[in-house]
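The data block below is final_0.pdb; it holds PDB, C-alpha atoms.
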```
ATOM      1  CA  MET A 190      26.136 -25.977  -0.861  1.00  0.00           C
ATOM      2  CA  GLY A 191      22.647 -26.161  -2.296  1.00  0.00           C
ATOM      3  CA  ILE A 192      21.073 -24.215   0.543  1.00  0.00           C
ATOM      4  CA  LEU A 193      23.342 -21.266  -0.150  1.00  0.00           C
ATOM      5  CA  GLN A 194      22.267 -21.160  -3.767  1.00  0.00           C
ATOM      6  CA  ARG A 195      18.577 -21.560  -2.932  1.00  0.00           C
ATOM      7  CA  PHE A 196      18.618 -18.599  -0.595  1.00  0.00           C
ATOM      8  CA  THR A 197      20.774 -16.170  -2.569  1.00  0.00           C
ATOM      9  CA  ASP A 198      17.651 -14.075  -3.203  1.00  0.00           C
ATOM     10  CA  ILE A 199      17.104 -13.801   0.547  1.00  0.00           C
ATOM     11  CA  MET A 200      20.513 -12.228   1.035  1.00  0.00           C
ATOM     12  CA  SER A 201      19.933  -9.712  -1.756  1.00  0.00           C
ATOM     13  CA  ALA A 202      16.237  -9.034  -1.119  1.00  0.00           C
ATOM     14  CA  ASN A 203      15.211  -5.524  -0.171  1.00  0.00           C
ATOM     15  CA  VAL A 204      11.958  -5.665   1.794  1.00  0.00           C
ATOM     16  CA  ASN A 205      11.193  -1.963   1.373  1.00  0.00           C
ATOM     17  CA  ALA A 206      11.664  -2.135  -2.398  1.00  0.00           C
ATOM     18  CA  LEU A 207       9.395  -5.178  -2.662  1.00  0.00           C
ATOM     19  CA  LEU A 208       6.668  -3.460  -0.681  1.00  0.00           C
ATOM     20  CA  ASP A 209       6.984  -0.255  -2.715  1.00  0.00           C
ATOM     21  CA  LYS A 210       6.384  -2.204  -5.933  1.00  0.00           C
ATOM     22  CA  ALA A 211       3.406  -4.124  -4.532  1.00  0.00           C
ATOM     23  CA  GLU A 212      -0.083  -3.143  -5.693  1.00  0.00           C
ATOM     24  CA  ASP A 213      -1.475  -3.988  -2.251  1.00  0.00           C
ATOM     25  CA  PRO A 214       1.284  -3.721   0.409  1.00  0.00           C
ATOM     26  CA  ALA A 215      -1.135  -4.852   3.145  1.00  0.00           C
ATOM     27  CA  LYS A 216      -1.598  -8.243   1.463  1.00  0.00           C
ATOM     28  CA  MET A 217       2.027  -8.361   0.345  1.00  0.00           C
ATOM     29  CA  VAL A 218       3.376  -7.951   3.872  1.00  0.00           C
ATOM     30  CA  ASP A 219       1.309 -10.916   5.137  1.00  0.00           C
ATOM     31  CA  GLN A 220       2.460 -13.118   2.250  1.00  0.00           C
ATOM     32  CA  TYR A 221       6.072 -12.034   2.606  1.00  0.00           C
ATOM     33  CA  LEU A 222       5.981 -12.714   6.343  1.00  0.00           C
ATOM     34  CA  ARG A 223       4.705 -16.240   5.708  1.00  0.00           C
ATOM     35  CA  ASP A 224       7.424 -16.831   3.115  1.00  0.00           C
ATOM     36  CA  LEU A 225      10.175 -15.478   5.354  1.00  0.00           C
ATOM     37  CA  GLU A 226       9.065 -17.512   8.366  1.00  0.00           C
ATOM     38  CA  SER A 227       8.989 -20.642   6.200  1.00  0.00           C
ATOM     39  CA  ASP A 228      12.461 -19.824   4.861  1.00  0.00           C
ATOM     40  CA  LEU A 229      13.688 -19.093   8.382  1.00  0.00           C
ATOM     41  CA  GLY A 230      12.789 -22.597   9.513  1.00  0.00           C
ATOM     42  CA  LYS A 231      14.795 -24.082   6.640  1.00  0.00           C
ATOM     43  CA  VAL A 232      17.718 -21.732   7.172  1.00  0.00           C
ATOM     44  CA  LYS A 233      17.845 -22.532  10.885  1.00  0.00           C
ATOM     45  CA  ALA A 234      18.048 -26.254  10.180  1.00  0.00           C
ATOM     46  CA  GLU A 235      20.719 -25.788   7.521  1.00  0.00           C
ATOM     47  CA  THR A 236      22.639 -23.303   9.663  1.00  0.00           C
ATOM     48  CA  ALA A 237      22.718 -25.757  12.551  1.00  0.00           C
ATOM     49  CA  ALA A 238      24.031 -28.465  10.199  1.00  0.00           C
ATOM     50  CA  VAL A 239      26.704 -26.170   8.754  1.00  0.00           C
ATOM     51  CA  MET A 240      27.784 -25.005  12.204  1.00  0.00           C
ATOM     52  CA  ALA A 241      28.044 -28.632  13.319  1.00  0.00           C
ATOM     53  CA  GLU A 242      30.199 -29.363  10.266  1.00  0.00           C
ATOM     54  CA  GLU A 243      32.409 -26.402  11.152  1.00  0.00           C
ATOM     55  CA  LYS A 244      32.876 -27.718  14.681  1.00  0.00           C
ATOM     56  CA  ARG A 245      33.677 -31.223  13.409  1.00  0.00           C
ATOM     57  CA  ALA A 246      36.260 -29.893  10.928  1.00  0.00           C
ATOM     58  CA  GLU A 247      37.794 -27.697  13.634  1.00  0.00           C
ATOM     59  CA  ARG A 248      37.998 -30.646  16.026  1.00  0.00           C
ATOM     60  CA  GLU A 249      39.688 -32.866  13.404  1.00  0.00           C
ATOM     61  CA  CYS A 250      42.191 -30.082  12.737  1.00  0.00           C
ATOM     62  CA  HIS A 251      43.071 -29.773  16.394  1.00  0.00           C
ATOM     63  CA  GLU A 252      43.292 -33.536  16.910  1.00  0.00           C
ATOM     64  CA  ASN A 253      45.544 -33.933  13.877  1.00  0.00           C
ATOM     65  CA  ALA A 254      47.767 -31.073  15.098  1.00  0.00           C
ATOM     66  CA  GLU A 255      47.997 -32.770  18.478  1.00  0.00           C
ATOM     67  CA  ASN A 256      49.006 -36.028  16.773  1.00  0.00           C
ATOM     68  CA  ILE A 257      51.736 -34.194  14.839  1.00  0.00           C
ATOM     69  CA  ALA A 258      53.085 -32.806  18.104  1.00  0.00           C
ATOM     70  CA  LYS A 259      52.840 -36.268  19.639  1.00  0.00           C
ATOM     71  CA  MET A 260      54.850 -37.903  16.797  1.00  0.00           C
ATOM     72  CA  THR A 261      57.509 -35.230  17.181  1.00  0.00           C
ATOM     73  CA  SER A 262      57.696 -35.962  20.904  1.00  0.00           C
ATOM     74  CA  TYR A 263      57.989 -39.737  20.332  1.00  0.00           C
ATOM     75  CA  ALA A 264      60.707 -39.210  17.695  1.00  0.00           C
ATOM     76  CA  GLU A 265      62.702 -37.173  20.213  1.00  0.00           C
ATOM     77  CA  LYS A 266      62.262 -39.851  22.871  1.00  0.00           C
ATOM     78  CA  ALA A 267      63.389 -42.565  20.432  1.00  0.00           C
ATOM     79  CA  LEU A 268      66.555 -40.620  19.569  1.00  0.00           C
ATOM     80  CA  ARG A 269      67.345 -40.052  23.235  1.00  0.00           C
ATOM     81  CA  ALA A 270      66.961 -43.795  23.752  1.00  0.00           C
ATOM     82  CA  GLY A 271      69.333 -44.390  20.833  1.00  0.00           C
ATOM     83  CA  ASN A 272      66.636 -45.909  18.594  1.00  0.00           C
ATOM     84  CA  GLU A 273      67.097 -44.003  15.358  1.00  0.00           C
ATOM     85  CA  ALA A 274      64.974 -46.455  13.360  1.00  0.00           C
ATOM     86  CA  ASP A 275      62.052 -45.881  15.701  1.00  0.00           C
ATOM     87  CA  ALA A 276      62.584 -42.140  15.393  1.00  0.00           C
ATOM     88  CA  LYS A 277      62.316 -42.429  11.587  1.00  0.00           C
ATOM     89  CA  VAL A 278      58.980 -44.266  11.939  1.00  0.00           C
ATOM     90  CA  PHE A 279      57.568 -41.503  14.118  1.00  0.00           C
ATOM     91  CA  LEU A 280      58.886 -38.817  11.793  1.00  0.00           C
ATOM     92  CA  GLY A 281      57.350 -40.605   8.784  1.00  0.00           C
ATOM     93  CA  LYS A 282      54.005 -40.654  10.582  1.00  0.00           C
ATOM     94  CA  LYS A 283      54.465 -36.984  11.413  1.00  0.00           C
ATOM     95  CA  GLN A 284      54.973 -36.082   7.743  1.00  0.00           C
ATOM     96  CA  ALA A 285      51.826 -37.985   6.734  1.00  0.00           C
ATOM     97  CA  LEU A 286      49.862 -36.142   9.403  1.00  0.00           C
ATOM     98  CA  GLU A 287      51.267 -32.781   8.258  1.00  0.00           C
ATOM     99  CA  ALA A 288      50.116 -33.494   4.703  1.00  0.00           C
ATOM    100  CA  LYS A 289      46.699 -34.377   6.055  1.00  0.00           C
ATOM    101  CA  GLN A 290      46.693 -31.191   8.161  1.00  0.00           C
ATOM    102  CA  GLN A 291      46.652 -29.038   5.028  1.00  0.00           C
ATOM    103  CA  GLU A 292      43.550 -30.825   3.778  1.00  0.00           C
ATOM    104  CA  LEU A 293      41.866 -30.613   7.166  1.00  0.00           C
ATOM    105  CA  GLN A 294      42.690 -26.910   7.471  1.00  0.00           C
ATOM    106  CA  ALA A 295      41.223 -26.175   4.013  1.00  0.00           C
ATOM    107  CA  ALA A 296      38.079 -28.143   4.910  1.00  0.00           C
ATOM    108  CA  TYR A 297      37.783 -26.254   8.195  1.00  0.00           C
ATOM    109  CA  GLU A 298      38.162 -22.863   6.504  1.00  0.00           C
ATOM    110  CA  ALA A 299      35.486 -23.742   3.937  1.00  0.00           C
ATOM    111  CA  ALA A 300      33.140 -24.948   6.684  1.00  0.00           C
ATOM    112  CA  ALA A 301      33.786 -21.766   8.669  1.00  0.00           C
ATOM    113  CA  ALA A 302      33.024 -19.602   5.609  1.00  0.00           C
ATOM    114  CA  ASN A 303      29.789 -21.527   4.996  1.00  0.00           C
ATOM    115  CA  ALA A 304      28.816 -21.157   8.649  1.00  0.00           C
ATOM    116  CA  THR A 305      29.471 -17.388   8.505  1.00  0.00           C
ATOM    117  CA  GLN A 306      27.324 -17.047   5.394  1.00  0.00           C
ATOM    118  CA  MET A 307      24.517 -19.106   6.875  1.00  0.00           C
ATOM    119  CA  LYS A 308      24.614 -17.076  10.087  1.00  0.00           C
ATOM    120  CA  SER A 309      24.379 -13.860   8.049  1.00  0.00           C
ATOM    121  CA  MET A 310      21.419 -15.271   6.160  1.00  0.00           C
ATOM    122  CA  HIS A 311      19.757 -16.337   9.391  1.00  0.00           C
ATOM    123  CA  ASP A 312      20.337 -12.954  11.039  1.00  0.00           C
ATOM    124  CA  LYS A 313      18.995 -11.089   7.989  1.00  0.00           C
ATOM    125  CA  LEU A 314      15.842 -13.183   7.948  1.00  0.00           C
ATOM    126  CA  VAL A 315      15.277 -12.588  11.657  1.00  0.00           C
ATOM    127  CA  LYS A 316      15.818  -8.851  11.135  1.00  0.00           C
ATOM    128  CA  ASP A 317      13.486  -8.696   8.119  1.00  0.00           C
ATOM    129  CA  ILE A 318      10.756 -10.587   9.944  1.00  0.00           C
ATOM    130  CA  ALA A 319      11.046  -8.314  12.996  1.00  0.00           C
ATOM    131  CA  SER A 320      10.973  -5.229  10.758  1.00  0.00           C
ATOM    132  CA  LEU A 321       7.910  -6.432   8.861  1.00  0.00           C
ATOM    133  CA  LYS A 322       6.063  -7.292  12.045  1.00  0.00           C
ATOM    134  CA  GLU A 323       6.762  -3.802  13.388  1.00  0.00           C
ATOM    135  CA  ARG A 324       5.594  -2.182  10.149  1.00  0.00           C
ATOM    136  CA  LYS A 325       2.680  -4.538   9.485  1.00  0.00           C
ATOM    137  CA  GLN A 326       0.026  -2.600  11.386  1.00  0.00           C
ATOM    138  CA  ALA A 327       1.303   0.752  10.158  1.00  0.00           C
ATOM    139  CA  ILE A 328       1.169  -0.439   6.550  1.00  0.00           C
ATOM    140  CA  LYS A 329      -2.367  -1.787   6.974  1.00  0.00           C
ATOM    141  CA  SER A 330      -3.486   1.452   8.647  1.00  0.00           C
ATOM    142  CA  LYS A 331      -2.046   3.520   5.797  1.00  0.00           C
ATOM    143  CA  MET A 332      -3.770   1.286   3.249  1.00  0.00           C
ATOM    144  CA  ALA A 333      -7.103   1.701   5.087  1.00  0.00           C
ATOM    145  CA  VAL A 334      -6.669   5.480   5.063  1.00  0.00           C
ATOM    146  CA  ALA A 335      -5.731   5.399   1.379  1.00  0.00           C
ATOM    147  CA  LYS A 336      -8.818   3.346   0.490  1.00  0.00           C
ATOM    148  CA  THR A 337     -11.051   5.696   2.503  1.00  0.00           C
ATOM    149  CA  LYS A 338      -9.479   8.663   0.745  1.00  0.00           C
ATOM    150  CA  GLU A 339     -10.087   6.969  -2.592  1.00  0.00           C
ATOM    151  CA  LYS A 340     -13.773   6.507  -1.715  1.00  0.00           C
ATOM    152  CA  LEU A 341     -14.011  10.148  -0.657  1.00  0.00           C
ATOM    153  CA  ASN A 342     -12.469  11.190  -3.945  1.00  0.00           C
ATOM    154  CA  LYS A 343     -15.097   9.163  -5.826  1.00  0.00           C
ATOM    155  CA  ILE A 344     -17.869  10.682  -3.709  1.00  0.00           C
ATOM    156  CA  GLY A 345     -16.411  14.139  -4.357  1.00  0.00           C
ATOM    157  CA  SER A 346     -16.431  13.432  -8.083  1.00  0.00           C
ATOM    158  CA  SER A 347     -20.099  12.371  -7.897  1.00  0.00           C
ATOM    159  CA  TYR A 348     -20.887  15.506  -5.893  1.00  0.00           C
ATOM    160  CA  ASP A 349     -19.191  17.649  -8.519  1.00  0.00           C
ATOM    161  CA  ASN A 350     -21.260  15.943 -11.219  1.00  0.00           C
ATOM    162  CA  ALA A 351     -24.439  16.555  -9.208  1.00  0.00           C
ATOM    163  CA  GLN A 352     -23.493  20.177  -8.733  1.00  0.00           C
ATOM    164  CA  GLY A 353     -22.939  20.470 -12.462  1.00  0.00           C
ATOM    165  CA  ALA A 354     -26.384  19.020 -13.132  1.00  0.00           C
ATOM    166  CA  MET A 355     -27.987  21.419 -10.621  1.00  0.00           C
ATOM    167  CA  SER A 356     -26.199  24.325 -12.218  1.00  0.00           C
ATOM    168  CA  ALA A 357     -27.481  23.296 -15.651  1.00  0.00           C
ATOM    169  CA  PHE A 358     -31.019  22.976 -14.229  1.00  0.00           C
ATOM    170  CA  GLU A 359     -30.803  26.440 -12.707  1.00  0.00           C
ATOM    171  CA  ARG A 360     -29.659  27.868 -16.030  1.00  0.00           C
ATOM    172  CA  MET A 361     -32.606  26.234 -17.802  1.00  0.00           C
ATOM    173  CA  GLU A 362     -35.001  27.551 -15.129  1.00  0.00           C
ATOM    174  CA  ALA A 363     -33.640  31.079 -15.517  1.00  0.00           C
ATOM    175  CA  LYS A 364     -33.965  30.773 -19.277  1.00  0.00           C
ATOM    176  CA  ALA A 365     -37.620  29.661 -18.942  1.00  0.00           C
ATOM    177  CA  GLU A 366     -38.407  32.598 -16.638  1.00  0.00           C
ATOM    178  CA  ARG A 367     -36.769  34.986 -19.074  1.00  0.00           C
ATOM    179  CA  MET A 368     -38.809  33.559 -21.947  1.00  0.00           C
ATOM    180  CA  LEU A 369     -42.028  33.940 -19.893  1.00  0.00           C
ATOM    181  CA  ASP A 370     -41.198  37.558 -19.086  1.00  0.00           C
ATOM    182  CA  GLU A 371     -40.542  38.261 -22.740  1.00  0.00           C
ATOM    183  CA  ALA A 372     -43.871  36.637 -23.723  1.00  0.00           C
ATOM    184  CA  ASN A 373     -45.775  38.709 -21.143  1.00  0.00           C
ATOM    185  CA  ALA A 374     -44.087  41.867 -22.358  1.00  0.00           C
ATOM    186  CA  MET A 375     -44.941  41.018 -25.931  1.00  0.00           C
ATOM    187  CA  SER A 376     -48.599  40.403 -24.965  1.00  0.00           C
ATOM    188  CA  GLU A 377     -48.714  43.752 -23.228  1.00  0.00           C
ATOM    189  CA  LEU A 378     -47.278  45.457 -26.255  1.00  0.00           C
ATOM    190  CA  ASN A 379     -49.860  43.797 -28.514  1.00  0.00           C
ATOM    191  CA  THR A 380     -52.882  45.047 -26.414  1.00  0.00           C
ATOM    192  CA  PRO A 381     -54.622  48.056 -28.195  1.00  0.00           C
ATOM    193  CA  GLN A 382     -54.131  51.383 -26.394  1.00  0.00           C
ATOM    194  CA  GLU A 383     -57.377  53.158 -25.141  1.00  0.00           C
ATOM    195  CA  ASP A 384     -58.126  56.580 -26.673  1.00  0.00           C
ATOM    196  CA  ASP A 385     -58.071  59.129 -23.819  1.00  0.00           C
ATOM    197  CA  ALA A 386     -60.487  61.499 -25.623  1.00  0.00           C
ATOM    198  CA  GLU A 387     -63.071  58.765 -26.212  1.00  0.00           C
ATOM    199  CA  ALA A 388     -62.894  57.807 -22.548  1.00  0.00           C
ATOM    200  CA  LEU A 389     -63.759  61.367 -21.509  1.00  0.00           C
ATOM    201  CA  MET A 390     -66.541  61.898 -24.033  1.00  0.00           C
ATOM    202  CA  GLY A 391     -69.095  59.895 -22.036  1.00  0.00           C
ATOM    203  CA  LYS A 392     -68.637  62.233 -19.091  1.00  0.00           C
ATOM    204  CA  TYR A 393     -70.042  65.106 -21.039  1.00  0.00           C
ATOM    205  CA  ASP A 394     -72.740  63.389 -23.155  1.00  0.00           C
ATOM    206  CA  GLU A 395     -76.453  64.360 -22.550  1.00  0.00           C
ATOM    207  CA  PRO A 396     -78.673  61.686 -20.955  1.00  0.00           C
ATOM    208  CA  SER A 397     -80.697  59.732 -23.501  1.00  0.00           C
ATOM    209  CA  THR A 398     -84.412  60.623 -23.956  1.00  0.00           C
ATOM    210  CA  SER A 399     -85.453  57.045 -23.300  1.00  0.00           C
ATOM    211  CA  ASP A 400     -84.007  57.238 -19.819  1.00  0.00           C
ATOM    212  CA  SER A 401     -85.867  60.585 -19.123  1.00  0.00           C
ATOM    213  CA  SER A 402     -89.282  59.230 -20.117  1.00  0.00           C
ATOM    214  CA  VAL A 403     -88.804  56.210 -17.907  1.00  0.00           C
ATOM    215  CA  ASP A 404     -87.962  58.477 -14.991  1.00  0.00           C
ATOM    216  CA  SER A 405     -91.040  60.643 -15.590  1.00  0.00           C
ATOM    217  CA  GLU A 406     -93.326  57.613 -15.700  1.00  0.00           C
ATOM    218  CA  LEU A 407     -91.774  56.293 -12.522  1.00  0.00           C
ATOM    219  CA  GLU A 408     -92.491  59.559 -10.691  1.00  0.00           C
ATOM    220  CA  ALA A 409     -96.126  59.572 -11.827  1.00  0.00           C
ATOM    221  CA  LEU A 410     -96.667  56.014 -10.587  1.00  0.00           C
ATOM    222  CA  LYS A 411     -95.231  56.919  -7.220  1.00  0.00           C
ATOM    223  CA  ALA A 412     -97.563  59.942  -6.864  1.00  0.00           C
ATOM    224  CA  LYS A 413    -100.605  57.796  -7.655  1.00  0.00           C
ATOM    225  CA  LEU A 414     -99.703  55.313  -5.001  1.00  0.00           C
ATOM    226  CA  GLY A 415     -99.016  58.032  -2.470  1.00  0.00           C
ATOM    227  CA  LEU A 416     -95.409  57.147  -2.296  1.00  0.00           C
TER     228      LEU A 416
END
```

Output the file's structure as structure tokens, nothing else.
Amino acid sequence: MGILQRFTDIMSANVNALLDKAEDPAKMVDQYLRDLESDLGKVKAETAAVMAEEKRAERECHENAENIAKMTSYAEKALRAGNEADAKVFLGKKQALEAKQQELQAAYEAAAANATQMKSMHDKLVKDIASLKERKQAIKSKMAVAKTKEKLNKIGSSYDNAQGAMSAFERMEAKAERMLDEANAMSELNTPQEDDAEALMGKYDEPSTSDSSVDSELEALKAKLGL
């Protein structure tokens, strides 16, 4: 039947494998749920039709078997009544029904096999849908955590870059301070050293005569003024 061919992928599908391959399982699970629920509606309708066909074929088989038994019974009654010709008619009908029974039995077995396959497909879809619904929130929660972790990783990378820049700045600052210290040291080294002997010579020099005459004149002026 066409429905069996159309849904072969449903029977062989592995939900876990499909989700593992998905780039975004959170979106995939919603899409897959919609697809499965749509397929389930079709499978239910087809399953009901196949099951009805199975019941019809089974009923025809039973009715035909009953007719075979009935022809046998009538043939026996005809023989007991001494009507051999009538018995042959019933037996001829019985043989035709027996030939038909083989066809009806084959049709019933095929319908039963189709019904079993459709029921398996239906049950698998129901199971997959229930499983996905149970896992849906867990999958979305894990994806949210993963995305948050990804953002934190990016922030951590930016922080590392900032730390690297700060470290480089600190190295440049230390280098500048070292250069300043070296320049100050060099300036100190370039300043002429004072001669210790020359510094002491002034301590022992005689006062200049110009200073003495000024002092003498100052004393005379004070005496005149009575100071």

Hits from the PyMOL selection byres ((chain A and resi 301) around 12), listed as an MDAnalysis selection string: chainID A and resid 236 238:247 294:300 302:308

Among the residues A:Val232, A:Lys289, A:Gly271, A:Ser262, the one that comes closest to Asp312 in chain A [using all atoms listed in the file]: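 Going through A:Val232, A:Lys289, A:Gly271, A:Ser262 one by one, the smallest distance to Asp312 in chain A is for A:Val232.
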
Have a look at CA of Ile328 in chain A and CA of Leu225 in chain A and let me know their distance in Å, one decimal.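 Answer for the CA of Ile328 in chain A to CA of Leu225 in chain A separation: 17.6 Å.
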
Step by step, gather every atom of range 269-285 of chain A that the file lists, find the box along x, y and z that holds them, add 3 Å on each side, and finally give centre and edge lengths in Å to one decimal, as JSON.
```
{"center_x": 60.6, "center_y": -41.3, "center_z": 15.2, "size_x": 23.5, "size_y": 16.4, "size_z": 23.0}
```

Tyr263 in chain A environment, 9 Å, only C-alpha atoms, sequence neighbours closer than 6 positions dropped, as JSON, numbers by chain: {"A": [275, 276, 279, 280]}

Quote the spacing between CA of Glu255 in chain A and CA of Gln291 in chain A in Å to one decimal place. 14.0 Å

Between A:Leu321, A:Ala412, A:Val403, A:Leu341, which is the closest to Met217 in chain A once you count all atoms listed in the file?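 So, comparing all the options, the nearest one is A:Leu321.
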
With only C-alpha atoms as the atoms that count, which of A:Leu314, A:Ala319, A:Met368, A:Ala409 lies nearest to Leu229 in chain A?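 For Leu229 in chain A, the nearest of the given residues is A:Leu314.
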
Enter the distance from CA of Arg324 in chain A to CA of Asp219 in chain A, in Å, rounded to one decimal.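 CA of Asp219 in chain A lies at a distance of 10.9 Å from CA of Arg324 in chain A.
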
Suppose a student applies the PyMOL selection byres ((chain A and resi 277) around 12) to this structure; what residues should they get, written as a PyMOL selection string? chain A and resi 260-261+263-268+271-276+278-284

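If you measure from each of A:Ala288, A:Lys259, A:Cys250, A:Val315 to Gly230 in chain A using only C-alpha atoms, the closest one turns out to be A:Val315.
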
Nearest to Asp228 in chain A: which of A:Leu414, A:Met310, A:Ala374, A:Ala365 is it, counting all atoms listed in the file?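 Smallest separation from Asp228 in chain A among the options: A:Met310.
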
Among the residues A:His251, A:Arg360, A:Lys316, A:Arg269, the one that comes closest to Leu286 in chain A [using all atoms listed in the file]: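 Comparing A:His251, A:Arg360, A:Lys316, A:Arg269 against Leu286 in chain A, the winner is A:His251.
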